[in-house]
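my_file-v7.cif follows (mmCIF, C-alpha atoms):
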data_entry
loop_
_atom_site.label_atom_id
_atom_site.label_comp_id
_atom_site.auth_asym_id
_atom_site.auth_seq_id
_atom_site.Cartn_x
_atom_site.Cartn_y
_atom_site.Cartn_z
CA MET A 1192 -8.66 -6.61 -31.21
CA ASN A 1193 -8.18 -7.49 -27.55
CA PRO A 1194 -9.66 -5.35 -24.78
CA THR A 1195 -7.51 -2.50 -23.52
CA ILE A 1196 -5.88 -2.29 -20.11
CA THR A 1197 -5.06 0.83 -18.11
CA ILE A 1198 -1.85 0.67 -16.09
CA HIS A 1199 -0.80 3.31 -13.59
CA ASP A 1200 2.86 3.13 -12.55
CA THR A 1201 3.26 4.22 -8.93
CA GLU A 1202 6.96 4.98 -9.27
CA THR A 1203 6.71 7.24 -12.33
CA ASN A 1204 3.12 8.43 -11.69
CA GLU A 1205 2.33 7.77 -15.34
CA THR A 1206 -0.78 6.08 -16.70
CA ILE A 1207 -0.85 4.26 -20.02
CA VAL A 1208 -3.60 2.52 -21.94
CA ARG A 1209 -2.68 -0.30 -24.29
CA GLU A 1210 -4.24 -3.30 -25.92
CA MET A 1211 -4.04 -6.46 -23.84
CA THR A 1212 -1.76 -9.21 -25.02
CA ASP A 1213 -3.43 -12.47 -25.98
CA GLU A 1214 -2.28 -13.96 -22.68
CA GLU A 1215 -3.77 -11.09 -20.69
CA ALA A 1216 -7.01 -11.19 -22.63
CA ALA A 1217 -7.34 -14.91 -21.95
CA THR A 1218 -7.45 -14.22 -18.22
CA ILE A 1219 -10.55 -12.06 -18.33
CA LYS A 1220 -13.05 -14.35 -20.01
CA PRO A 1221 -16.35 -14.39 -18.12
CA ASP A 1222 -16.22 -17.31 -15.72
CA GLY A 1223 -19.43 -17.24 -13.78
CA PRO A 1224 -21.19 -20.48 -12.88
CA ASN A 1225 -23.99 -21.69 -15.09
CA GLY A 1226 -23.35 -18.93 -17.56
CA TRP A 1227 -24.19 -16.12 -15.10
CA ASP A 1228 -22.50 -12.98 -16.29
CA GLY A 1229 -22.21 -11.48 -12.82
CA SER A 1230 -24.69 -8.69 -13.43
CA TYR A 1231 -27.48 -7.56 -11.18
CA PRO A 1232 -30.91 -6.79 -12.59
CA PRO A 1233 -32.74 -3.81 -11.12
CA VAL A 1234 -34.34 -4.54 -7.77
CA GLU A 1235 -38.08 -4.86 -8.13
CA VAL A 1236 -39.94 -1.99 -6.51
CA LYS A 1237 -42.80 -3.37 -4.43
CA PRO A 1238 -45.99 -1.30 -4.07
CA MET B 1305 5.84 19.47 20.48
CA ALA B 1306 3.87 21.17 17.71
CA PHE B 1307 2.03 18.02 16.56
CA PRO B 1308 -0.82 17.92 15.70
CA SER B 1309 -1.22 21.71 15.32
CA PHE B 1310 1.27 23.68 13.29
CA ALA B 1311 1.69 27.39 12.73
CA SER B 1312 3.11 29.10 9.68
CA GLY B 1313 6.89 28.90 9.83
CA ASP B 1314 7.05 25.94 12.22
CA VAL B 1315 9.87 23.48 11.57
CA LEU B 1316 8.57 19.96 10.98
CA THR B 1317 10.52 17.65 13.23
CA ALA B 1318 11.09 13.94 12.76
CA SER B 1319 8.88 13.16 15.74
CA ASP B 1320 6.05 15.23 14.27
CA MET B 1321 6.30 13.59 10.84
CA ASN B 1322 6.68 10.10 12.27
CA ALA B 1323 3.41 10.61 14.12
CA VAL B 1324 1.51 11.04 10.85
CA GLY B 1325 -0.44 7.82 10.43
CA LEU B 1326 -1.83 7.90 6.88
CA TRP B 1327 0.28 8.70 3.82
CA LYS B 1328 -0.89 9.10 0.24
CA ILE B 1329 0.93 6.72 -2.06
CA THR B 1330 -0.65 7.33 -5.44
CA THR B 1331 -3.85 8.08 -7.33
CA MET B 1332 -5.14 6.66 -10.58
CA THR B 1333 -7.85 7.63 -13.03
CA ALA B 1334 -8.80 5.08 -15.68
CA THR B 1335 -11.06 6.28 -18.47
CA SER B 1336 -11.16 3.16 -20.65
CA GLY B 1337 -10.31 -0.50 -20.75
CA GLY B 1338 -11.34 -3.96 -19.76
CA THR B 1339 -9.33 -3.68 -16.54
CA ALA B 1340 -7.29 -1.05 -14.70
CA ASN B 1341 -4.00 -1.67 -12.87
CA ILE B 1342 -2.03 0.20 -10.26
CA ALA B 1343 1.48 -1.18 -10.50
CA GLY B 1344 3.96 -1.10 -7.65
CA CYS B 1345 1.75 0.60 -5.08
CA PHE B 1346 2.36 -1.93 -2.29
CA THR B 1347 5.81 -2.01 -0.73
CA SER B 1348 7.41 -3.23 2.48
CA THR B 1349 7.06 0.29 3.91
CA TYR B 1350 3.47 -0.40 4.94
CA ALA B 1351 1.71 -3.55 6.06
CA ARG B 1352 -1.80 -2.13 5.64
CA TYR B 1353 -3.36 0.07 2.97
CA ARG B 1354 -6.53 2.08 2.41
CA LEU B 1355 -8.01 2.33 -1.10
CA ILE B 1356 -10.81 4.81 -1.73
CA GLY B 1357 -12.49 5.54 -5.01
CA THR B 1358 -15.39 6.01 -7.39
CA ILE B 1359 -16.58 3.91 -10.32
CA ILE B 1360 -19.00 5.29 -12.88
CA GLY B 1361 -21.15 2.70 -14.62
CA ASN B 1362 -21.24 2.64 -18.42
CA SER B 1363 -24.08 0.26 -19.23
CA ALA B 1364 -27.60 -0.59 -18.20
CA THR B 1365 -26.24 -3.76 -16.66
CA ALA B 1366 -24.86 -3.36 -13.14
CA TYR B 1367 -21.81 -5.26 -11.97
CA ASP B 1368 -19.83 -5.62 -8.77
CA LEU B 1369 -16.43 -3.94 -8.80
CA ALA B 1370 -13.65 -6.38 -7.94
CA PHE B 1371 -9.89 -6.73 -7.89
CA ARG B 1372 -7.06 -9.18 -8.36
CA LEU B 1373 -3.54 -8.91 -6.97
CA TYR B 1374 -0.26 -9.49 -8.78
CA ALA B 1375 3.47 -9.18 -8.27
CA GLY B 1376 5.96 -7.60 -10.64
CA ALA B 1377 5.51 -8.71 -14.21
CA GLY B 1378 3.44 -11.71 -13.20
CA SER B 1379 -0.18 -12.31 -14.12
CA PRO B 1380 -2.93 -11.31 -11.70
CA VAL B 1381 -3.85 -14.16 -9.38
CA ALA B 1382 -7.08 -15.73 -10.54
CA THR B 1383 -7.87 -18.23 -7.81
CA GLY B 1384 -8.01 -18.55 -4.05
CA TYR B 1385 -10.22 -15.60 -3.14
CA TYR B 1386 -12.73 -16.33 -0.35
CA TRP B 1387 -15.27 -13.59 0.24
CA GLY B 1388 -18.76 -12.66 1.32
CA VAL B 1389 -20.95 -9.67 0.47
CA THR B 1390 -24.04 -8.50 2.33
CA ARG B 1391 -26.48 -5.98 0.91
CA VAL B 1392 -29.90 -4.55 1.74
CA ASP B 1393 -32.58 -4.50 -0.96
CA ILE B 1394 -33.64 -0.88 -0.52
CA ALA B 1395 -37.10 -1.31 -1.99
CA ALA B 1396 -38.02 -4.52 -0.15
CA GLY B 1397 -36.04 -3.97 3.03
CA THR B 1398 -34.62 -7.48 2.87
CA SER B 1399 -31.07 -8.76 2.98
CA ASN B 1400 -29.18 -10.13 0.02
CA VAL B 1401 -25.93 -12.05 0.14
CA SER B 1402 -23.38 -13.56 -2.18
CA SER B 1403 -20.09 -15.32 -1.65
CA GLY B 1404 -16.99 -16.52 -3.40
CA GLY B 1405 -15.40 -19.85 -2.54
CA GLY B 1406 -11.71 -20.63 -2.75
CA LEU B 1407 -11.95 -21.12 -6.48
CA SER B 1408 -13.27 -17.58 -6.90
CA THR B 1409 -11.20 -15.79 -9.48
CA TYR B 1410 -11.60 -12.31 -8.05
CA ALA B 1411 -12.01 -10.34 -4.82
CA ASN B 1412 -15.41 -8.65 -4.60
CA ILE B 1413 -15.44 -5.16 -3.04
CA GLY B 1414 -19.16 -4.69 -3.51
CA ALA B 1415 -19.51 -1.36 -5.35
CA ILE B 1416 -22.27 -1.58 -8.00
CA ALA B 1417 -22.49 0.95 -10.83
CA ALA B 1418 -24.75 1.29 -13.88
CA ASN B 1419 -26.11 3.84 -16.33
CA GLY B 1420 -23.63 6.61 -15.68
CA GLY B 1421 -24.22 6.50 -11.94
CA ARG B 1422 -21.45 6.79 -9.38
CA ALA B 1423 -20.67 4.08 -6.86
CA HIS B 1424 -18.15 4.63 -4.11
CA PHE B 1425 -15.93 2.25 -2.23
CA ALA B 1426 -13.44 2.35 0.60
CA PHE B 1427 -11.56 -0.73 1.65
CA ASP B 1428 -8.62 -1.68 3.78
CA LEU B 1429 -6.18 -4.13 2.23
CA ILE B 1430 -4.23 -5.99 4.87
CA ASN B 1431 -0.78 -7.51 4.30
CA PRO B 1432 -0.56 -7.56 0.48
CA GLN B 1433 3.22 -7.26 0.66
CA GLN B 1434 3.69 -9.58 3.64
CA ALA B 1435 4.32 -13.31 3.40
CA GLN B 1436 0.90 -13.84 4.95
CA TYR B 1437 -2.70 -14.18 3.80
CA THR B 1438 -3.99 -10.95 2.27
CA SER B 1439 -7.40 -9.77 3.43
CA TRP B 1440 -9.73 -6.90 2.66
CA ASN B 1441 -12.68 -5.21 4.34
CA SER B 1442 -14.85 -2.99 2.14
CA SER B 1443 -17.78 -0.63 2.47
CA ALA B 1444 -19.43 0.38 -0.80
CA THR B 1445 -22.50 1.89 -2.47
CA ASP B 1446 -24.83 1.08 -5.35
CA SER B 1447 -25.38 3.85 -7.92
CA ARG B 1448 -28.97 2.84 -8.68
CA GLY B 1449 -30.61 4.43 -5.67
CA ALA B 1450 -34.15 3.24 -5.00
CA THR B 1451 -33.83 0.27 -7.35
CA GLY B 1452 -30.50 -0.90 -5.97
CA TYR B 1453 -28.87 -2.02 -2.74
CA GLY B 1454 -27.70 -0.23 0.37
CA GLY B 1455 -25.55 -1.17 3.32
CA ILE B 1456 -23.07 -3.03 1.13
CA THR B 1457 -20.17 -4.62 2.98
CA ALA B 1458 -17.69 -7.03 1.50
CA ASN B 1459 -14.67 -8.72 2.93
CA GLY B 1460 -12.56 -11.75 2.40
CA GLN B 1461 -9.14 -13.33 2.16
CA LEU B 1462 -6.72 -14.49 -0.47
CA THR B 1463 -5.35 -17.60 1.17
CA ASN B 1464 -1.77 -17.73 0.02
CA THR B 1465 1.40 -16.15 1.40
CA THR B 1466 2.57 -14.57 -1.84
CA GLN B 1467 3.87 -11.01 -1.57
CA TYR B 1468 2.01 -8.74 -3.96
CA ASP B 1469 2.95 -5.25 -5.06
CA SER B 1470 0.17 -4.38 -7.51
CA ILE B 1471 -3.61 -4.47 -7.93
CA GLN B 1472 -5.92 -4.87 -10.93
CA PHE B 1473 -9.55 -3.68 -10.92
CA GLY B 1474 -12.27 -5.25 -13.01
CA TYR B 1475 -15.81 -6.50 -12.74
CA GLY B 1476 -17.03 -9.66 -11.09
CA VAL B 1477 -17.79 -12.05 -12.75
CA TRP B 1478 -14.33 -11.32 -14.10
CA GLY B 1479 -14.32 -10.33 -17.73
CA THR B 1480 -17.80 -8.83 -17.86
CA GLY B 1481 -18.22 -5.14 -18.53
CA THR B 1482 -15.55 -2.55 -19.26
CA ILE B 1483 -14.18 0.23 -17.12
CA SER B 1484 -14.75 3.71 -18.51
CA ASN B 1485 -14.26 5.87 -15.43
CA LEU B 1486 -12.53 4.63 -12.29
CA GLN B 1487 -10.75 6.86 -9.80
CA VAL B 1488 -8.72 5.33 -6.98
CA ALA B 1489 -6.48 6.78 -4.27
CA VAL B 1490 -4.09 4.51 -2.36
CA TYR B 1491 -2.92 5.35 1.15
CA GLY B 1492 -0.55 3.54 3.50
CA TYR B 1493 -1.13 3.16 7.24
CA ARG B 1494 2.03 3.87 9.17
CA ASP B 1495 2.67 1.71 12.23
#
Entire entry expressed as structure tokens:
Amino acid sequence: MNPTITIHDTETNETIVREMTDEEAATIKPDGPNGWDGSYPPVEVKP
Amino acid sequence: MAFPSFASGDVLTASDMNAVGLWKITTMTATSGGTANIAGCFTSTYARYRLIGTIIGNSATAYDLAFRLYAGAGSPVATGYYWGVTRVDIAAGTSNVSSGGGLSTYANIGAIAANGGRAHFAFDLINPQQAQYTSWNSSATDSRGATGYGGITANGQLTNTTQYDSIQFGYGVWGTGTISNLQVAVYGYRD
């Protein structure tokens, strides 16, 4: 199953949630350099 | 002229209403999904927009909130975003920076959320619907308090002249993490 996508339509003021199409899902693969997933580890607290 | 103070029963004139500078366009709450879109929120009525919102983190891993722009039924643009982010390491009192070159696939707005914490953001989006470069200027927070960052500012440009009418929110690096609670309000600045 592909990830879901939430879409809010400004004109109708309605929000829907649906499964992404294969094309949409292909656009959200992690793409960070050197395998970095874009996350931030907790900042180390210095004494 | 009654503007800017009005009393009960006053008639709102065209001059009074035309002096109102900020208009609400729409609000969105997304409670699930890999990404969240607001379709059709940018029109030729306004050149500049203000987007304000809250993201609640849903994992121990913290990510930057980001966006992509798109037009109509097209796919969100996934290249051409130039941006920089500056942050202050709250614990160490040192600066931290990151940047996205022209091949960056998303626009970073700097809000960082994790572990059910709330991060807030407010950014101006300039000229999304004009045939000009689109730029943004963001101020945001990190939900992690003492173990996170403060003083987060992010801005950048999408260097094409495409006219966009919609925005998609996700996490940078794009495709990591899922959105479980995102609230956004979109306002237009009237010239």
Which residues come within 9 Å of stretch 1208-1214 of chain A, counting all atoms listed in the file, excluding same-chain residues fewer than 6 positions away, as an NGL selection string?
(:A and (1192-1199)) or (:B and (1334 or 1336-1338 or 1340 or 1379))
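Rounded to one decimal, atom CA of B:Thr1480 and atom CA of B:Ala1382 lie 14.7 Å from each other.
Coordinates place atom CA of B:Met1321 at a distance of 12.5 Å from atom CA of B:Asp1495.
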Would you give me, as JSON, numbers by chain, the residues of chain B that come within 10 Å of chain A, using all atoms listed in the file?
{"B": [1329, 1330, 1331, 1332, 1333, 1334, 1335, 1336, 1337, 1338, 1339, 1340, 1341, 1342, 1343, 1344, 1345, 1346, 1364, 1365, 1366, 1367, 1368, 1379, 1380, 1381, 1382, 1393, 1394, 1395, 1396, 1408, 1409, 1416, 1417, 1418, 1448, 1449, 1450, 1451, 1452, 1453, 1470, 1471, 1472, 1473, 1474, 1475, 1476, 1477, 1478, 1479, 1480, 1481, 1482, 1483, 1490]}
Can those selected residues be exported to a file as an mmCIF file, in the coordinates of the input so that it contains C-alpha atoms?
data_model
loop_
_atom_site.group_PDB
_atom_site.id
_atom_site.type_symbol
_atom_site.label_atom_id
_atom_site.label_comp_id
_atom_site.auth_asym_id
_atom_site.auth_seq_id
_atom_site.Cartn_x
_atom_site.Cartn_y
_atom_site.Cartn_z
ATOM 1 C CA ILE B 1329 0.930 6.720 -2.060
ATOM 2 C CA THR B 1330 -0.650 7.330 -5.440
ATOM 3 C CA THR B 1331 -3.850 8.080 -7.330
ATOM 4 C CA MET B 1332 -5.140 6.660 -10.580
ATOM 5 C CA THR B 1333 -7.850 7.630 -13.030
ATOM 6 C CA ALA B 1334 -8.800 5.080 -15.680
ATOM 7 C CA THR B 1335 -11.060 6.280 -18.470
ATOM 8 C CA SER B 1336 -11.160 3.160 -20.650
ATOM 9 C CA GLY B 1337 -10.310 -0.500 -20.750
ATOM 10 C CA GLY B 1338 -11.340 -3.960 -19.760
ATOM 11 C CA THR B 1339 -9.330 -3.680 -16.540
ATOM 12 C CA ALA B 1340 -7.290 -1.050 -14.700
ATOM 13 C CA ASN B 1341 -4.000 -1.670 -12.870
ATOM 14 C CA ILE B 1342 -2.030 0.200 -10.260
ATOM 15 C CA ALA B 1343 1.480 -1.180 -10.500
ATOM 16 C CA GLY B 1344 3.960 -1.100 -7.650
ATOM 17 C CA CYS B 1345 1.750 0.600 -5.080
ATOM 18 C CA PHE B 1346 2.360 -1.930 -2.290
ATOM 19 C CA ALA B 1364 -27.600 -0.590 -18.200
ATOM 20 C CA THR B 1365 -26.240 -3.760 -16.660
ATOM 21 C CA ALA B 1366 -24.860 -3.360 -13.140
ATOM 22 C CA TYR B 1367 -21.810 -5.260 -11.970
ATOM 23 C CA ASP B 1368 -19.830 -5.620 -8.770
ATOM 24 C CA SER B 1379 -0.180 -12.310 -14.120
ATOM 25 C CA PRO B 1380 -2.930 -11.310 -11.700
ATOM 26 C CA VAL B 1381 -3.850 -14.160 -9.380
ATOM 27 C CA ALA B 1382 -7.080 -15.730 -10.540
ATOM 28 C CA ASP B 1393 -32.580 -4.500 -0.960
ATOM 29 C CA ILE B 1394 -33.640 -0.880 -0.520
ATOM 30 C CA ALA B 1395 -37.100 -1.310 -1.990
ATOM 31 C CA ALA B 1396 -38.020 -4.520 -0.150
ATOM 32 C CA SER B 1408 -13.270 -17.580 -6.900
ATOM 33 C CA THR B 1409 -11.200 -15.790 -9.480
ATOM 34 C CA ILE B 1416 -22.270 -1.580 -8.000
ATOM 35 C CA ALA B 1417 -22.490 0.950 -10.830
ATOM 36 C CA ALA B 1418 -24.750 1.290 -13.880
ATOM 37 C CA ARG B 1448 -28.970 2.840 -8.680
ATOM 38 C CA GLY B 1449 -30.610 4.430 -5.670
ATOM 39 C CA ALA B 1450 -34.150 3.240 -5.000
ATOM 40 C CA THR B 1451 -33.830 0.270 -7.350
ATOM 41 C CA GLY B 1452 -30.500 -0.900 -5.970
ATOM 42 C CA TYR B 1453 -28.870 -2.020 -2.740
ATOM 43 C CA SER B 1470 0.170 -4.380 -7.510
ATOM 44 C CA ILE B 1471 -3.610 -4.470 -7.930
ATOM 45 C CA GLN B 1472 -5.920 -4.870 -10.930
ATOM 46 C CA PHE B 1473 -9.550 -3.680 -10.920
ATOM 47 C CA GLY B 1474 -12.270 -5.250 -13.010
ATOM 48 C CA TYR B 1475 -15.810 -6.500 -12.740
ATOM 49 C CA GLY B 1476 -17.030 -9.660 -11.090
ATOM 50 C CA VAL B 1477 -17.790 -12.050 -12.750
ATOM 51 C CA TRP B 1478 -14.330 -11.320 -14.100
ATOM 52 C CA GLY B 1479 -14.320 -10.330 -17.730
ATOM 53 C CA THR B 1480 -17.800 -8.830 -17.860
ATOM 54 C CA GLY B 1481 -18.220 -5.140 -18.530
ATOM 55 C CA THR B 1482 -15.550 -2.550 -19.260
ATOM 56 C CA ILE B 1483 -14.180 0.230 -17.120
ATOM 57 C CA VAL B 1490 -4.090 4.510 -2.360
#
Stretch 1427-1439 of chain B surroundings by only C-alpha atoms, 9 Å radius, close-in-sequence under 5 positions cut, as a ChimeraX atom specification:
/B:1346-1348,1350-1356,1373,1413,1444,1458-1470
Go ahead and save the picked residues with C-alpha atoms, as a PDB file, in the frame of the given file.
ATOM      1  CA  PHE B1346       2.360  -1.930  -2.290  1.00  0.00           C
ATOM      2  CA  THR B1347       5.810  -2.010  -0.730  1.00  0.00           C
ATOM      3  CA  SER B1348       7.410  -3.230   2.480  1.00  0.00           C
ATOM      4  CA  TYR B1350       3.470  -0.400   4.940  1.00  0.00           C
ATOM      5  CA  ALA B1351       1.710  -3.550   6.060  1.00  0.00           C
ATOM      6  CA  ARG B1352      -1.800  -2.130   5.640  1.00  0.00           C
ATOM      7  CA  TYR B1353      -3.360   0.070   2.970  1.00  0.00           C
ATOM      8  CA  ARG B1354      -6.530   2.080   2.410  1.00  0.00           C
ATOM      9  CA  LEU B1355      -8.010   2.330  -1.100  1.00  0.00           C
ATOM     10  CA  ILE B1356     -10.810   4.810  -1.730  1.00  0.00           C
ATOM     11  CA  LEU B1373      -3.540  -8.910  -6.970  1.00  0.00           C
ATOM     12  CA  ILE B1413     -15.440  -5.160  -3.040  1.00  0.00           C
ATOM     13  CA  ALA B1444     -19.430   0.380  -0.800  1.00  0.00           C
ATOM     14  CA  ALA B1458     -17.690  -7.030   1.500  1.00  0.00           C
ATOM     15  CA  ASN B1459     -14.670  -8.720   2.930  1.00  0.00           C
ATOM     16  CA  GLY B1460     -12.560 -11.750   2.400  1.00  0.00           C
ATOM     17  CA  GLN B1461      -9.140 -13.330   2.160  1.00  0.00           C
ATOM     18  CA  LEU B1462      -6.720 -14.490  -0.470  1.00  0.00           C
ATOM     19  CA  THR B1463      -5.350 -17.600   1.170  1.00  0.00           C
ATOM     20  CA  ASN B1464      -1.770 -17.730   0.020  1.00  0.00           C
ATOM     21  CA  THR B1465       1.400 -16.150   1.400  1.00  0.00           C
ATOM     22  CA  THR B1466       2.570 -14.570  -1.840  1.00  0.00           C
ATOM     23  CA  GLN B1467       3.870 -11.010  -1.570  1.00  0.00           C
ATOM     24  CA  TYR B1468       2.010  -8.740  -3.960  1.00  0.00           C
ATOM     25  CA  ASP B1469       2.950  -5.250  -5.060  1.00  0.00           C
ATOM     26  CA  SER B1470       0.170  -4.380  -7.510  1.00  0.00           C
TER      27      SER B1470
END
